[in-house]
$ cat upload_21.cif   # mmCIF, C-alpha atoms
data_entry
#
loop_
_atom_site.label_atom_id
_atom_site.label_comp_id
_atom_site.auth_asym_id
_atom_site.auth_seq_id
_atom_site.Cartn_x
_atom_site.Cartn_y
_atom_site.Cartn_z
CA MET O 1353 36.40 5.08 36.95
CA MET O 1354 37.23 6.45 33.51
CA LEU O 1355 34.43 8.94 33.85
CA ARG O 1356 35.71 10.14 37.21
CA VAL O 1357 39.25 10.54 35.80
CA SER O 1358 37.84 12.51 32.88
CA GLN O 1359 35.92 14.73 35.23
CA GLY O 1360 39.06 15.28 37.26
CA LEU O 1361 41.05 16.21 34.17
CA ALA O 1362 38.33 18.56 33.05
CA LEU O 1363 38.33 20.29 36.42
CA LEU O 1364 42.11 20.56 36.36
CA LEU O 1365 41.99 22.03 32.86
CA ALA O 1366 39.30 24.50 33.89
CA ALA O 1367 41.30 25.57 36.93
CA THR O 1368 44.42 26.01 34.81
CA LEU O 1369 42.56 28.13 32.27
CA LEU O 1370 41.03 30.21 35.05
CA ALA O 1371 44.42 30.79 36.65
CA ALA O 1372 45.91 31.74 33.28
CA GLY O 1373 43.05 34.13 32.67
CA LEU O 1374 43.47 35.84 36.00
CA THR O 1375 47.22 36.13 35.50
CA GLY O 1376 46.53 37.72 32.15
CA CYS O 1377 44.46 40.40 33.84
CA SER O 1378 47.36 41.82 35.79
CA GLY O 1379 49.81 44.53 34.82
CA GLU O 1380 49.30 47.15 32.11
CA ASP O 1381 46.17 45.52 30.77
CA ASN O 1382 44.30 46.35 33.97
CA ARG O 1383 43.25 49.75 32.73
CA ILE O 1384 39.66 50.34 31.72
CA ASP O 1385 40.51 53.69 30.19
CA ASP O 1386 43.35 56.18 30.14
CA LEU O 1387 42.22 59.71 30.95
CA SER O 1388 45.66 61.25 30.51
CA ASP O 1389 44.48 62.60 27.15
CA ALA O 1390 41.28 64.02 28.67
CA SER O 1391 40.77 67.44 30.18
CA PHE O 1392 37.41 68.49 31.63
CA GLU O 1393 37.11 72.03 32.94
CA LEU O 1394 34.89 71.93 36.01
CA VAL O 1395 34.09 74.06 39.06
CA ASP O 1396 34.50 72.93 42.64
CA HIS O 1397 32.34 73.57 45.71
CA ASN O 1398 34.20 76.82 46.34
CA GLY O 1399 33.57 78.11 42.83
CA ASP O 1400 37.18 77.58 41.76
CA THR O 1401 38.04 76.12 38.37
CA VAL O 1402 39.33 72.56 38.47
CA VAL O 1403 40.63 70.66 35.46
CA PHE O 1404 39.83 66.96 35.75
CA PRO O 1405 41.85 64.80 35.92
CA ASP O 1406 44.89 67.03 35.35
CA ASP O 1407 44.68 68.88 38.64
CA PHE O 1408 44.85 65.59 40.54
CA ALA O 1409 47.95 64.30 38.77
CA GLY O 1410 50.29 62.57 41.17
CA GLN O 1411 47.48 61.35 43.39
CA ALA O 1412 45.38 58.24 43.18
CA MET O 1413 41.71 59.16 42.92
CA MET O 1414 38.55 57.72 44.35
CA VAL O 1415 35.74 59.22 42.29
CA GLY O 1416 32.02 59.00 43.04
CA TYR O 1417 29.15 60.20 40.86
CA VAL O 1418 26.02 61.59 42.52
CA TYR O 1419 23.29 64.20 42.44
CA THR O 1420 22.32 65.93 45.63
CA GLN O 1421 18.54 65.55 45.15
CA CYS O 1422 19.02 61.76 45.39
CA PRO O 1423 18.51 60.80 49.05
CA ASP O 1424 19.03 57.04 48.88
CA ILE O 1425 21.60 55.54 46.51
CA CYS O 1426 23.82 58.61 46.17
CA PRO O 1427 24.31 59.05 49.93
CA LEU O 1428 25.36 55.40 50.07
CA VAL O 1429 28.06 56.27 47.54
CA THR O 1430 29.17 59.29 49.55
CA VAL O 1431 29.12 57.45 52.86
CA ASN O 1432 31.04 54.51 51.37
CA MET O 1433 33.72 56.92 50.19
CA LYS O 1434 33.78 58.67 53.55
CA GLN O 1435 34.33 55.37 55.32
CA VAL O 1436 37.30 54.65 53.04
CA HIS O 1437 38.57 58.19 53.61
CA ASP O 1438 38.37 57.71 57.37
CA LYS O 1439 39.75 54.17 57.29
CA LEU O 1440 42.85 55.38 55.44
CA ASP O 1441 43.09 58.42 57.74
CA ALA O 1442 42.64 61.04 55.00
CA PRO O 1443 45.77 60.13 53.00
CA ASP O 1444 47.57 62.95 51.15
CA ASP O 1445 48.32 60.73 48.15
CA VAL O 1446 44.65 59.91 47.48
CA ALA O 1447 42.20 62.51 46.18
CA PHE O 1448 38.55 61.98 47.07
CA VAL O 1449 36.39 63.49 44.35
CA THR O 1450 32.63 63.62 43.91
CA ILE O 1451 31.23 64.73 40.55
CA THR O 1452 27.58 65.62 40.06
CA PHE O 1453 25.68 64.56 36.97
CA ASP O 1454 22.99 67.17 37.71
CA PRO O 1455 24.83 70.43 37.00
CA GLN O 1456 21.58 72.34 36.54
CA ARG O 1457 20.66 72.10 40.22
CA ASP O 1458 24.00 71.21 41.76
CA THR O 1459 25.64 74.61 41.84
CA PRO O 1460 28.89 75.09 43.75
CA GLU O 1461 26.88 76.50 46.63
CA ARG O 1462 24.59 73.49 46.79
CA LEU O 1463 27.55 71.12 46.59
CA ARG O 1464 29.24 72.99 49.43
CA ASP O 1465 26.12 72.73 51.59
CA TYR O 1466 25.79 69.01 50.80
CA ARG O 1467 29.48 68.48 51.58
CA ASP O 1468 29.10 70.30 54.89
CA ALA O 1469 25.97 68.33 55.81
CA TYR O 1470 27.95 65.11 55.43
CA GLY O 1471 30.65 66.40 57.76
CA LEU O 1472 33.26 66.80 55.03
CA ASP O 1473 33.92 70.50 55.52
CA ASN O 1474 37.29 69.92 57.17
CA THR O 1475 38.62 67.66 54.44
CA ASP O 1476 40.33 68.16 51.07
CA TRP O 1477 37.47 66.32 49.35
CA SER O 1478 36.46 68.01 46.09
CA PHE O 1479 32.87 68.24 44.92
CA LEU O 1480 32.74 69.16 41.24
CA THR O 1481 30.12 70.48 38.85
CA GLY O 1482 30.35 72.17 35.45
CA ASP O 1483 28.44 73.12 32.36
CA ARG O 1484 25.99 70.55 31.09
CA ASP O 1485 27.89 69.56 27.95
CA THR O 1486 31.14 69.04 29.83
CA ILE O 1487 29.46 66.98 32.55
CA LEU O 1488 27.66 64.79 30.02
CA ALA O 1489 30.90 64.24 28.09
CA LEU O 1490 32.67 63.30 31.31
CA MET O 1491 29.92 60.91 32.37
CA ASP O 1492 29.98 59.29 28.95
CA ARG O 1493 33.74 58.88 29.18
CA VAL O 1494 33.60 57.17 32.58
CA GLY O 1495 30.59 55.03 31.71
CA VAL O 1496 27.96 56.66 33.91
CA ARG O 1497 24.52 56.60 32.32
CA VAL O 1498 22.12 59.41 33.20
CA GLU O 1499 18.46 59.58 32.22
CA LEU O 1500 15.45 61.52 33.48
CA SER O 1501 12.89 59.26 35.10
CA ARG O 1502 10.34 61.86 36.23
CA GLY O 1503 9.74 65.51 35.40
CA THR O 1504 11.63 67.69 32.96
CA TYR O 1505 14.70 69.85 33.11
CA ASP O 1506 12.42 72.86 32.54
CA ASP O 1507 10.65 72.69 35.89
CA ASP O 1508 13.70 71.96 38.06
CA ASP O 1509 11.71 69.16 39.72
CA TYR O 1510 12.90 65.85 38.36
CA LEU O 1511 14.38 62.51 39.28
CA ILE O 1512 17.30 60.87 37.50
CA ASP O 1513 18.05 57.23 36.81
CA HIS O 1514 21.79 56.74 36.90
CA THR O 1515 24.63 54.30 37.08
CA ASP O 1516 25.66 53.50 40.64
CA GLN O 1517 29.42 53.81 40.38
CA ILE O 1518 32.68 54.63 42.10
CA SER O 1519 35.94 54.60 40.12
CA LEU O 1520 39.56 54.26 41.17
CA ILE O 1521 42.03 56.13 39.00
CA ASP O 1522 45.80 56.00 39.43
CA GLU O 1523 48.15 58.96 39.61
CA GLU O 1524 48.70 58.89 35.84
CA GLY O 1525 45.00 59.14 35.04
CA ARG O 1526 44.42 55.49 34.25
CA VAL O 1527 40.99 54.21 35.24
CA LEU O 1528 41.67 50.87 36.89
CA PHE O 1529 38.49 49.92 38.70
CA HIS O 1530 34.77 50.57 38.50
CA TYR O 1531 32.55 49.35 41.33
CA GLY O 1532 28.94 49.34 42.30
CA GLY O 1533 29.26 52.53 44.34
CA SER O 1534 26.57 51.91 46.93
CA MET O 1535 27.14 48.21 47.47
CA THR O 1536 30.86 47.52 47.49
CA PRO O 1537 32.37 46.83 50.92
CA VAL O 1538 34.82 49.41 52.24
CA GLU O 1539 37.50 46.73 52.63
CA ILE O 1540 37.59 46.09 48.88
CA PHE O 1541 38.06 49.78 48.09
CA ALA O 1542 40.79 50.08 50.71
CA GLU O 1543 42.57 46.97 49.49
CA ASP O 1544 42.54 48.12 45.87
CA LEU O 1545 43.55 51.67 46.76
CA GLU O 1546 46.59 50.32 48.55
CA THR O 1547 47.74 48.74 45.28
CA ILE O 1548 47.66 52.03 43.37
CA ARG O 1549 48.59 54.64 45.95
CA PRO O 1550 51.74 56.51 44.93
CA ALA O 1551 53.05 56.30 48.49
CA SER O 1552 52.57 52.52 48.65
CA MET B 101 39.27 42.95 33.10
CA LEU B 102 40.41 42.73 36.67
CA ALA B 103 38.19 45.66 37.47
CA TYR B 104 35.15 43.87 36.18
CA THR B 105 36.20 40.82 38.16
CA ARG B 106 36.20 43.06 41.22
CA PHE B 107 32.79 44.40 40.30
CA LEU B 108 31.48 40.87 39.90
CA GLY B 109 33.02 39.88 43.18
CA ALA B 110 31.38 42.80 44.91
CA ALA B 111 28.09 41.96 43.26
CA VAL B 112 28.32 38.38 44.45
CA LEU B 113 29.13 39.57 47.95
CA CYS B 114 26.27 42.02 47.86
CA THR B 115 23.95 39.31 46.65
CA ALA B 116 25.04 37.22 49.58
CA LEU B 117 24.35 40.12 51.91
CA VAL B 118 20.94 40.63 50.38
CA LEU B 119 20.14 36.97 50.73
CA GLY B 120 21.36 37.25 54.27
CA GLY B 121 18.86 39.98 54.92
CA CYS B 122 21.26 42.93 54.98
CA GLY B 123 20.67 44.46 51.57
CA ALA B 124 18.03 46.19 49.49
CA GLU B 125 14.73 44.40 49.18
CA ALA B 126 11.62 44.84 47.11
CA PRO B 127 8.36 45.51 48.96
CA ASP B 128 7.39 41.84 48.98
CA ASP B 129 10.73 40.95 50.52
CA ALA B 130 10.79 43.93 52.86
CA SER B 131 8.01 42.47 54.95
CA SER B 132 8.48 39.58 57.29
CA PRO B 133 6.44 38.00 60.05
CA ALA B 134 6.48 40.18 63.13
CA GLU B 135 8.83 39.12 65.89
CA ASP B 136 7.49 38.40 69.32
CA ASN B 137 8.17 41.36 71.54
CA ALA B 138 6.88 43.14 74.56
CA SER B 139 4.75 45.68 72.73
CA SER B 140 1.11 44.85 72.17
CA ASP B 141 0.33 47.95 70.11
CA PRO B 142 -1.25 46.98 66.82
CA LEU B 143 1.09 49.25 64.93
CA THR B 144 4.45 50.67 65.98
CA VAL B 145 7.44 52.31 64.32
CA SER B 146 11.04 51.74 65.41
CA ASP B 147 14.62 52.45 64.27
CA ALA B 148 13.66 55.71 62.57
CA TRP B 149 16.46 57.79 61.07
CA VAL B 150 17.04 60.31 58.32
CA ARG B 151 20.07 61.30 56.33
CA PRO B 152 21.78 64.66 56.84
CA VAL B 153 20.57 67.33 54.45
CA ALA B 154 21.31 70.94 53.68
CA GLU B 155 18.53 73.51 53.73
CA GLY B 156 16.56 73.21 50.50
CA GLY B 157 17.68 69.65 49.87
CA VAL B 158 15.90 66.30 50.03
CA THR B 159 16.45 63.57 52.58
CA ALA B 160 15.31 59.99 53.12
CA LEU B 161 13.44 58.52 56.09
CA TYR B 162 14.13 54.93 57.12
CA ALA B 163 12.32 52.95 59.81
CA THR B 164 10.76 49.61 60.63
CA VAL B 165 6.97 49.43 60.77
CA HIS B 166 5.48 46.66 62.89
CA ARG B 167 1.95 45.56 62.03
CA ARG B 168 0.60 43.12 64.62
CA GLU B 169 -3.03 42.90 63.61
CA ALA B 170 -4.42 40.01 61.61
CA THR B 171 -5.40 42.46 58.89
CA PRO B 172 -3.18 44.54 56.60
CA ASP B 173 -2.81 48.31 56.69
CA THR B 174 -1.21 50.86 54.39
CA LEU B 175 1.33 53.58 55.11
CA LEU B 176 -0.26 56.48 53.29
CA ARG B 177 1.73 59.55 54.17
CA ILE B 178 4.71 60.89 56.07
CA GLU B 179 4.69 64.24 57.80
CA ALA B 180 7.64 66.19 59.15
CA PRO B 181 7.89 69.77 60.45
CA PHE B 182 10.96 70.44 58.33
CA SER B 183 9.39 69.36 55.03
CA ASP B 184 6.17 70.43 53.32
CA ARG B 185 6.35 67.77 50.64
CA THR B 186 6.83 64.07 51.23
CA GLU B 187 6.45 60.89 49.18
CA ILE B 188 7.02 57.18 49.67
CA HIS B 189 9.56 55.70 47.28
CA GLU B 190 11.26 52.48 46.36
CA THR B 191 14.75 52.31 44.87
CA VAL B 192 14.86 49.92 41.93
CA GLU B 193 17.37 48.67 39.40
CA ARG B 194 16.22 49.31 35.83
CA ASP B 195 16.63 46.84 32.99
CA ASP B 196 19.66 48.78 31.73
CA GLY B 197 21.41 48.47 35.07
CA THR B 198 20.85 52.04 36.20
CA MET B 199 19.34 52.79 39.59
CA GLY B 200 16.22 54.86 40.04
CA MET B 201 13.34 55.56 42.37
CA ASP B 202 9.64 54.93 41.87
CA GLU B 203 6.95 56.63 43.92
CA LEU B 204 4.41 54.38 45.64
CA GLU B 205 1.46 56.61 44.85
CA GLN B 206 -1.05 54.31 46.56
CA GLY B 207 1.07 54.04 49.68
CA LEU B 208 2.99 51.12 51.10
CA LEU B 209 1.05 47.97 51.92
CA LEU B 210 1.80 46.56 55.38
CA PRO B 211 0.80 42.89 55.44
CA ALA B 212 -0.97 41.43 58.46
CA SER B 213 1.35 40.45 61.30
CA SER B 214 4.48 41.75 59.63
CA GLU B 215 7.54 43.93 59.93
CA THR B 216 8.21 46.20 56.96
CA ARG B 217 11.62 47.77 56.70
CA LEU B 218 12.29 51.08 55.05
CA GLN B 219 16.02 50.82 54.48
CA PRO B 220 18.85 52.14 52.28
CA GLY B 221 18.68 50.86 48.74
CA GLY B 222 15.00 49.94 49.07
CA LEU B 223 11.85 51.49 50.48
CA HIS B 224 12.17 54.96 51.95
CA GLY B 225 10.36 58.17 52.63
CA MET B 226 11.31 61.18 50.50
CA LEU B 227 11.23 64.48 52.38
CA TYR B 228 11.76 67.39 50.01
CA ASP B 229 12.77 71.00 50.43
CA ALA B 230 14.12 70.83 53.95
CA ASN B 231 13.43 74.18 55.61
CA ARG B 232 16.61 73.88 57.65
CA THR B 233 19.86 71.97 57.65
CA LEU B 234 19.78 68.62 59.42
CA SER B 235 23.20 67.66 60.73
CA ILE B 236 24.54 64.39 62.05
CA GLY B 237 23.54 64.08 65.72
CA ASP B 238 20.31 66.05 65.35
CA THR B 239 16.94 64.49 66.13
CA VAL B 240 13.76 65.30 64.21
CA GLU B 241 10.12 64.42 64.64
CA VAL B 242 8.29 62.52 61.91
CA THR B 243 4.73 61.24 61.80
CA LEU B 244 3.54 58.27 59.78
CA HIS B 245 -0.13 58.18 58.81
CA PHE B 246 -1.90 54.90 58.07
CA ALA B 247 -5.01 54.03 56.11
CA GLU B 248 -6.82 52.46 59.06
CA GLY B 249 -6.72 55.79 60.85
CA ALA B 250 -3.72 55.42 63.12
CA SER B 251 -0.76 57.79 63.19
CA GLN B 252 2.59 57.26 64.83
CA THR B 253 4.93 60.10 65.74
CA VAL B 254 8.53 59.12 66.40
CA GLN B 255 11.90 60.76 66.89
CA ALA B 256 14.30 60.08 64.02
CA SER B 257 18.03 60.54 64.46
CA VAL B 258 20.08 62.21 61.74
CA ARG B 259 22.78 59.76 60.75
CA ASN B 260 24.95 58.45 57.94
CA THR B 261 24.33 54.80 58.75
CA PRO B 262 21.49 52.83 60.36
CA PRO B 263 21.19 52.99 64.15
CA PRO B 264 21.55 49.94 66.35
CA HIS B 265 18.31 47.97 66.41
CA GLN B 266 15.81 49.21 68.99
CA ALA B 267 12.97 47.24 70.46
CA PRO B 268 9.68 48.57 69.05
#
$ encode --input "upload_21.cif" --output "structure tokens"
Amino acid sequence: MMLRVSQGLALLLAATLLAAGLTGCSGEDNRIDDLSDASFELVDHNGDTVVFPDDFAGQAMMVGYVYTQCPDICPLVTVNMKQVHDKLDAPDDVAFVTITFDPQRDTPERLRDYRDAYGLDNTDWSFLTGDRDTILALMDRVGVRVELSRGTYDDDDYLIDHTDQISLIDEEGRVLFHYGGSMTPVEIFAEDLETIRPAS
Amino acid sequence: MLAYTRFLGAAVLCTALVLGGCGAEAPDDASSPAEDNASSDPLTVSDAWVRPVAEGGVTALYATVHRREATPDTLLRIEAPFSDRTEIHETVERDDGTMGMDELEQGLLLPASSETRLQPGGLHGMLYDANRTLSIGDTVEVTLHFAEGASQTVQASVRNTPPPHQAP
């Protein structure tokens, strides 16, 4: 009997500690990073200059990281984001942003064609590229690892190993969530977006 | 911290989906005993689809290959009128947590009496340098060539998500 009581107390203690830990994760300490001090000059699918994240201030952001020569994992990221976009009925207070980590091949024109092929041509969704140093600095800042797995940058025929990630960023540039971009259910994105949308 | 909790939660859910048969699988796991069905063909291909792609881009082919013979076969090559260069790939998670693709240079082994699924996040065909844009709703022809001499030509729909299951 004593053993069973001890086990019960241990479970109660563990549950209490777990609850305390979860409570401690709420509020200001949620942020993974604060990008309000960052400013990355990029180019969108129309060839226009976009400063990330500054130009999206006032909107929550759902940000995916892809390269267009990736036909398997990266489309899962894009389609996951599109399903959230459609589920929320293209909300004005949420910016959907895709950033390539292959700026050498992903020119604005190629990003526009990719965007059109996925049926996103009538949306406000931004596809962004930039110069190599800026893109690498941005990927490093948001925790996306990028490494050649086949070929070289010289021959324009290469494959890239990369982090599979989507991020949610609030209207003040605070990175609040990172997810497995290809695998996370749409409902989780939608639920978390609702907690950070300015209009909520 | 909460974000990582979310990530973990999603990972646990995904693991559950994978264990439930809905997620990415390695080649060994991508094959299962063939279901009983009306077809008696020794080798058939069903549920073929490709992702949308802009001209010049690369797309993926997904399908289920049914091998009903008591001997194995190998998917050696994929052919499509819109692509002059194809490969067979498997998406894998590296030791550092990044995702990448490895080419199956010797082809894809199809065990005896099995179904092998080419599906998002796992095995897939790579079709490079599309000579035209493939848009959602289009249908394209693809041919799968096998080591034992058979070939199967099927119509693949251009889609963002897998089609409803079709009988082979």
$ residues_around --input "upload_21.cif" --residues "segment 256-264 of chain B" --least-positions-apart "6" --cutoff "9 Å" --atoms "only C-alpha atoms" --output "list of chain:residue names"
O:Pro1427, O:Leu1428, O:Val1431, O:Tyr1470, B:Asp147, B:Ala148, B:Trp149, B:Val150, B:Arg151, B:Pro152, B:Val153, B:Leu161, B:Tyr162, B:Ala163, B:Gln219, B:Pro220, B:Leu234, B:Ser235, B:Ile236, B:Gly237, B:Asp238, B:Thr239, B:Val240, B:Glu241, B:Val242
$ write_last_selection --input "upload_21.cif" --atoms "C-alpha atoms" --output "PDB file, in the frame of the given file"
ATOM      1  CA  PRO O1427      24.310  59.050  49.930  1.00  0.00           C
ATOM      2  CA  LEU O1428      25.360  55.400  50.070  1.00  0.00           C
ATOM      3  CA  VAL O1431      29.120  57.450  52.860  1.00  0.00           C
ATOM      4  CA  TYR O1470      27.950  65.110  55.430  1.00  0.00           C
TER       5      TYR O1470
ATOM      6  CA  ASP B 147      14.620  52.450  64.270  1.00  0.00           C
ATOM      7  CA  ALA B 148      13.660  55.710  62.570  1.00  0.00           C
ATOM      8  CA  TRP B 149      16.460  57.790  61.070  1.00  0.00           C
ATOM      9  CA  VAL B 150      17.040  60.310  58.320  1.00  0.00           C
ATOM     10  CA  ARG B 151      20.070  61.300  56.330  1.00  0.00           C
ATOM     11  CA  PRO B 152      21.780  64.660  56.840  1.00  0.00           C
ATOM     12  CA  VAL B 153      20.570  67.330  54.450  1.00  0.00           C
ATOM     13  CA  LEU B 161      13.440  58.520  56.090  1.00  0.00           C
ATOM     14  CA  TYR B 162      14.130  54.930  57.120  1.00  0.00           C
ATOM     15  CA  ALA B 163      12.320  52.950  59.810  1.00  0.00           C
ATOM     16  CA  GLN B 219      16.020  50.820  54.480  1.00  0.00           C
ATOM     17  CA  PRO B 220      18.850  52.140  52.280  1.00  0.00           C
ATOM     18  CA  LEU B 234      19.780  68.620  59.420  1.00  0.00           C
ATOM     19  CA  SER B 235      23.200  67.660  60.730  1.00  0.00           C
ATOM     20  CA  ILE B 236      24.540  64.390  62.050  1.00  0.00           C
ATOM     21  CA  GLY B 237      23.540  64.080  65.720  1.00  0.00           C
ATOM     22  CA  ASP B 238      20.310  66.050  65.350  1.00  0.00           C
ATOM     23  CA  THR B 239      16.940  64.490  66.130  1.00  0.00           C
ATOM     24  CA  VAL B 240      13.760  65.300  64.210  1.00  0.00           C
ATOM     25  CA  GLU B 241      10.120  64.420  64.640  1.00  0.00           C
ATOM     26  CA  VAL B 242       8.290  62.520  61.910  1.00  0.00           C
TER      27      VAL B 242
END
$ resolve_selection --input "upload_21.cif" --expression "the PyMOL selection byres ((chain O) within 7 of (chain B))" --output "ChimeraX atom specification"
/O:1377,1382,1421,1423-1425,1431,1465-1466,1469-1470,1512-1516,1528-1532,1535-1536
$ residues_around --input "upload_21.cif" --residues "Ile1451 of chain O" --least-positions-apart "3" --cutoff "7 Å" --atoms "all atoms listed in the file" --output "PyMOL selection string"
chain O and resi 1416-1418+1479-1481
$ write_last_selection --input "upload_21.cif" --atoms "C-alpha atoms" --output "JSON list (two decimals), in the frame of the given file"
[["chain", "number", "residue", "atom", "x", "y", "z"],
["O", 1416, "GLY", "CA", 32.02, 59.00, 43.04],
["O", 1417, "TYR", "CA", 29.15, 60.20, 40.86],
["O", 1418, "VAL", "CA", 26.02, 61.59, 42.52],
["O", 1479, "PHE", "CA", 32.87, 68.24, 44.92],
["O", 1480, "LEU", "CA", 32.74, 69.16, 41.24],
["O", 1481, "THR", "CA", 30.12, 70.48, 38.85]]
$ resolve_selection --input "upload_21.cif" --expression "the PyMOL selection byres ((chain O and resi 1385) around 6)" --output "list in words"
Arg1383, Ile1384, Asp1386, Arg1526 and Val1527 of chain O
$ closest_residue --input "upload_21.cif" --among "O:Val1494, O:Val1395, O:Ile1487, O:Ala1409" --to "Asp1522 of chain O" --atoms "only C-alpha atoms"
O:Ala1409
$ resolve_selection --input "upload_21.cif" --expression "the PyMOL selection byres ((chain O and resi 1396) around 10)" --output "CSV table (one decimal) with C-alpha atoms, in the coordinates of the input"
chain,number,residue,atom,x,y,z
O,1394,LEU,CA,34.9,71.9,36.0
O,1395,VAL,CA,34.1,74.1,39.1
O,1397,HIS,CA,32.3,73.6,45.7
O,1398,ASN,CA,34.2,76.8,46.3
O,1399,GLY,CA,33.6,78.1,42.8
O,1400,ASP,CA,37.2,77.6,41.8
O,1401,THR,CA,38.0,76.1,38.4
O,1402,VAL,CA,39.3,72.6,38.5
O,1403,VAL,CA,40.6,70.7,35.5
O,1449,VAL,CA,36.4,63.5,44.4
O,1450,THR,CA,32.6,63.6,43.9
O,1451,ILE,CA,31.2,64.7,40.6
O,1459,THR,CA,25.6,74.6,41.8
O,1460,PRO,CA,28.9,75.1,43.8
O,1461,GLU,CA,26.9,76.5,46.6
O,1463,LEU,CA,27.6,71.1,46.6
O,1464,ARG,CA,29.2,73.0,49.4
O,1477,TRP,CA,37.5,66.3,49.4
O,1478,SER,CA,36.5,68.0,46.1
O,1479,PHE,CA,32.9,68.2,44.9
O,1480,LEU,CA,32.7,69.2,41.2
O,1481,THR,CA,30.1,70.5,38.8
O,1482,GLY,CA,30.4,72.2,35.4
$ residues_around --input "upload_21.cif" --residues "Val165 of chain B" --least-positions-apart "5" --cutoff "10 Å" --atoms "only C-alpha atoms" --output "PyMOL selection string"
chain B and resi 131+134+143-148+175+210+214-218+244+252+268
$ atom_distance --input "upload_21.cif" --atom1 "atom CA of Ala212 of chain B" --atom2 "atom CA of Arg168 of chain B"
6.6 Å
$ closest_residue --input "upload_21.cif" --among "O:Glu1523, O:Asp1389, O:Asp1476, O:Asp1492" --to "Pro1443 of chain O" --atoms "only C-alpha atoms"
O:Asp1476
$ atom_distance --input "upload_21.cif" --atom1 "atom CA of Gly1410 of chain O" --atom2 "atom CA of Val1498 of chain O"
29.4 Å
$ build_atoms --input "upload_21.cif" --residues "segment 1468-1482 of chain O" --atoms "N, CA and C atoms" --output "compact mmCIF listing (two decimals), keeping the file's coordinate frame"
# COMPACT_ATOMS: atom_id res chain seq x y z
N ASP O 1468 29.10 69.95 53.47
CA ASP O 1468 29.10 70.30 54.89
C ASP O 1468 28.15 69.40 55.68
N ALA O 1469 26.96 69.14 55.10
CA ALA O 1469 25.97 68.33 55.81
C ALA O 1469 26.50 66.93 56.09
N TYR O 1470 27.37 66.44 55.24
CA TYR O 1470 27.95 65.11 55.43
C TYR O 1470 29.24 65.15 56.26
N GLY O 1471 29.51 66.30 56.85
CA GLY O 1471 30.65 66.40 57.76
C GLY O 1471 31.99 66.36 57.06
N LEU O 1472 32.03 66.86 55.81
CA LEU O 1472 33.26 66.80 55.03
C LEU O 1472 33.93 68.16 54.90
N ASP O 1473 33.44 69.14 55.68
CA ASP O 1473 33.92 70.50 55.52
C ASP O 1473 35.36 70.68 55.94
N ASN O 1474 35.89 69.80 56.76
CA ASN O 1474 37.29 69.92 57.17
C ASN O 1474 38.20 68.95 56.44
N THR O 1475 37.81 68.58 55.24
CA THR O 1475 38.62 67.66 54.44
C THR O 1475 39.06 68.34 53.14
N ASP O 1476 39.90 67.65 52.38
CA ASP O 1476 40.33 68.16 51.07
C ASP O 1476 39.43 67.63 49.95
N TRP O 1477 38.39 66.97 50.30
CA TRP O 1477 37.47 66.32 49.35
C TRP O 1477 36.89 67.35 48.39
N SER O 1478 36.98 67.09 47.09
CA SER O 1478 36.46 68.01 46.09
C SER O 1478 35.11 67.55 45.57
N PHE O 1479 34.16 68.47 45.56
CA PHE O 1479 32.87 68.24 44.92
C PHE O 1479 32.83 69.10 43.66
N LEU O 1480 32.58 68.48 42.52
CA LEU O 1480 32.74 69.16 41.24
C LEU O 1480 31.44 69.20 40.44
N THR O 1481 31.22 70.34 39.80
CA THR O 1481 30.12 70.48 38.85
C THR O 1481 30.69 71.16 37.60
N GLY O 1482 29.84 71.54 36.67
CA GLY O 1482 30.35 72.17 35.45
C GLY O 1482 29.20 72.50 34.53
